[in-house]
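Engineer: Okay, here's the structure, questions in a sec.
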Amino acid sequence: MQEVKRALRKQLIARRRGLDSVQKRLADESIFGQLKPLIMQADAVLTYVSTDIEVDTHRVLEFCFEQGIPVAVPVSGDSELDFYEIHGKDELSVGRFGIMEPIKREDIFVGGERSLCIVPALCADGEGLRLGYGRGYYDRFLSRFKGKSAIVCYSDFKMEVPSEPHDKKADMTIFDKT
């Protein structure tokens, strides 16, 4: 199964790099529009900081800052993912794997039952399963997270996901409607 997932990740990353920039922007806008009501209902948002090939979360960060909604972003350790609250993008710097991470790491942000965790995916099935980058960080995090989780994924990447017993389902999946 690991080889199947590894080959699929490689294929999906190559497809992501080839996305049309206009189509990607429209898809990002569609996904953000669907996330917005969920964010407004949450007492805090835990989200990754997107790279060029991922669903854009920079808009989520800005919206949370503007609305005064607490927002936390992850730092990946050797096996765990911990989130830390930030108050502006100036509190981020390039970290492990070339991903933007919080500079200050004083208190781990846990979030409560009304928190929303936005989960990245290379592909997703629409039933809560996703294929990530293969390190299992979000599977381990979601197994202890008490809030709601939402996978964000482009509709062109909706497909059956090869899964294993340790793969943790998210509460919902949001695809673009473009």
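Following the order of the structure tokens, chains are lettered A, B, ..., residues in each are numbered from 1, and ligands are numbered from 1.
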Could you give me, as a PyMOL selection string, each residue of region 4-161 of chain A that DSSP assigns to helix (DSSP H, G or I) when run on this structure's backbone?
Structural biologist: chain A and resi 4-17+21-41+58-67+89-91+96-98+137-142+155-157
Engineer: Could you go through region 17-174 of chain A and tell me which residues DSSP, when run on the backbone, assigns to strand (DSSP E), listing them as a PyMOL selection string?
Structural biologist: chain A and resi 44-47+71-76+81-86+92-94+100-102+115-119+123-124+130-131+148-153+172-174
Engineer: Excluding Val22 (chain A) and any residue of its chain fewer than 6 positions from it, enumerate the residues within 12 Å of it, using only C-alpha atoms, and give them as a PyMOL selection string.
Structural biologist: chain A and resi 28-29+178
Engineer: Would you work out the distance separating CA of Pro70 (chain A) from CA of Leu116 (chain A), expressed in Å to one decimal?
Structural biologist: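 Distance reported for this atom pair: 10.6 Å.
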Engineer: Which residues of region 92-146 of chain A have any atom within 9 Å of an atom in region 48-55 of chain A when counting only C-alpha atoms, and what is the closest pair of atoms for each, with the distance in Å to one decimal? Order the rows by chain and rising number and write it as CSV.
Structural biologist:
```
residue,atom,partner,partner_atom,distance
A:Gly98,CA,A:Thr51,CA,8.9
A:Ile99,CA,A:Thr51,CA,7.2
A:Met100,CA,A:Val49,CA,6.1
A:Glu101,CA,A:Val49,CA,7.6
A:Cys117,CA,A:Tyr48,CA,8.8
A:Ile118,CA,A:Tyr48,CA,7.0
A:Val119,CA,A:Tyr48,CA,7.1
A:Pro120,CA,A:Tyr48,CA,7.2
A:Ala121,CA,A:Glu54,CA,7.9
A:Leu122,CA,A:Glu54,CA,7.8
```
Engineer: Quick one: write out the picked residues with N, CA and C atoms as a short mmCIF file (atom, residue, chain, number, x, y, z; two decimals), in the first residue's frame?
Structural biologist:
```
data_model
loop_
_atom_site.label_atom_id
_atom_site.label_comp_id
_atom_site.auth_asym_id
_atom_site.auth_seq_id
_atom_site.Cartn_x
_atom_site.Cartn_y
_atom_site.Cartn_z
N GLY A 98 10.39 23.56 3.96
CA GLY A 98 10.17 24.78 3.21
C GLY A 98 8.79 25.39 3.42
N ILE A 99 8.12 24.98 4.48
CA ILE A 99 6.77 25.44 4.79
C ILE A 99 6.84 26.58 5.80
N MET A 100 5.97 27.57 5.63
CA MET A 100 5.91 28.68 6.57
C MET A 100 5.39 28.20 7.92
N GLU A 101 6.13 28.58 8.97
CA GLU A 101 5.79 28.17 10.34
C GLU A 101 5.88 29.37 11.26
N CYS A 117 -10.42 22.87 12.11
CA CYS A 117 -9.09 22.56 11.56
C CYS A 117 -9.24 22.36 10.05
N ILE A 118 -8.51 23.16 9.28
CA ILE A 118 -8.51 23.05 7.83
C ILE A 118 -7.35 22.15 7.44
N VAL A 119 -7.67 21.08 6.72
CA VAL A 119 -6.71 20.01 6.45
C VAL A 119 -6.34 19.98 4.97
N PRO A 120 -5.04 19.97 4.66
CA PRO A 120 -4.62 19.90 3.25
C PRO A 120 -4.78 18.49 2.69
N ALA A 121 -4.87 18.41 1.36
CA ALA A 121 -4.98 17.10 0.71
C ALA A 121 -4.47 17.19 -0.72
N LEU A 122 -3.78 16.16 -1.13
CA LEU A 122 -3.42 16.05 -2.55
C LEU A 122 -4.63 15.55 -3.33
#
```
Engineer: Just the residues within 9 Å of Lys177 (chain A), please, counting only C-alpha atoms, with nothing from its chain fewer than 5 positions along; format it as JSON, numbers by chain.
Structural biologist: {"A": [27, 30, 31, 154, 155]}
Engineer: Which residues are near Ile174 (chain A)? Cut-off 8 Å, only C-alpha atoms, ignore same chain within fewer than 3 positions. Put them as a list of chain:residue names.
Structural biologist: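 Counting only the stated atoms, we get A:Ile31, A:Gln34, A:Leu35, A:Gly126, A:Ala150, A:Ile151, A:Val152, A:Cys153.
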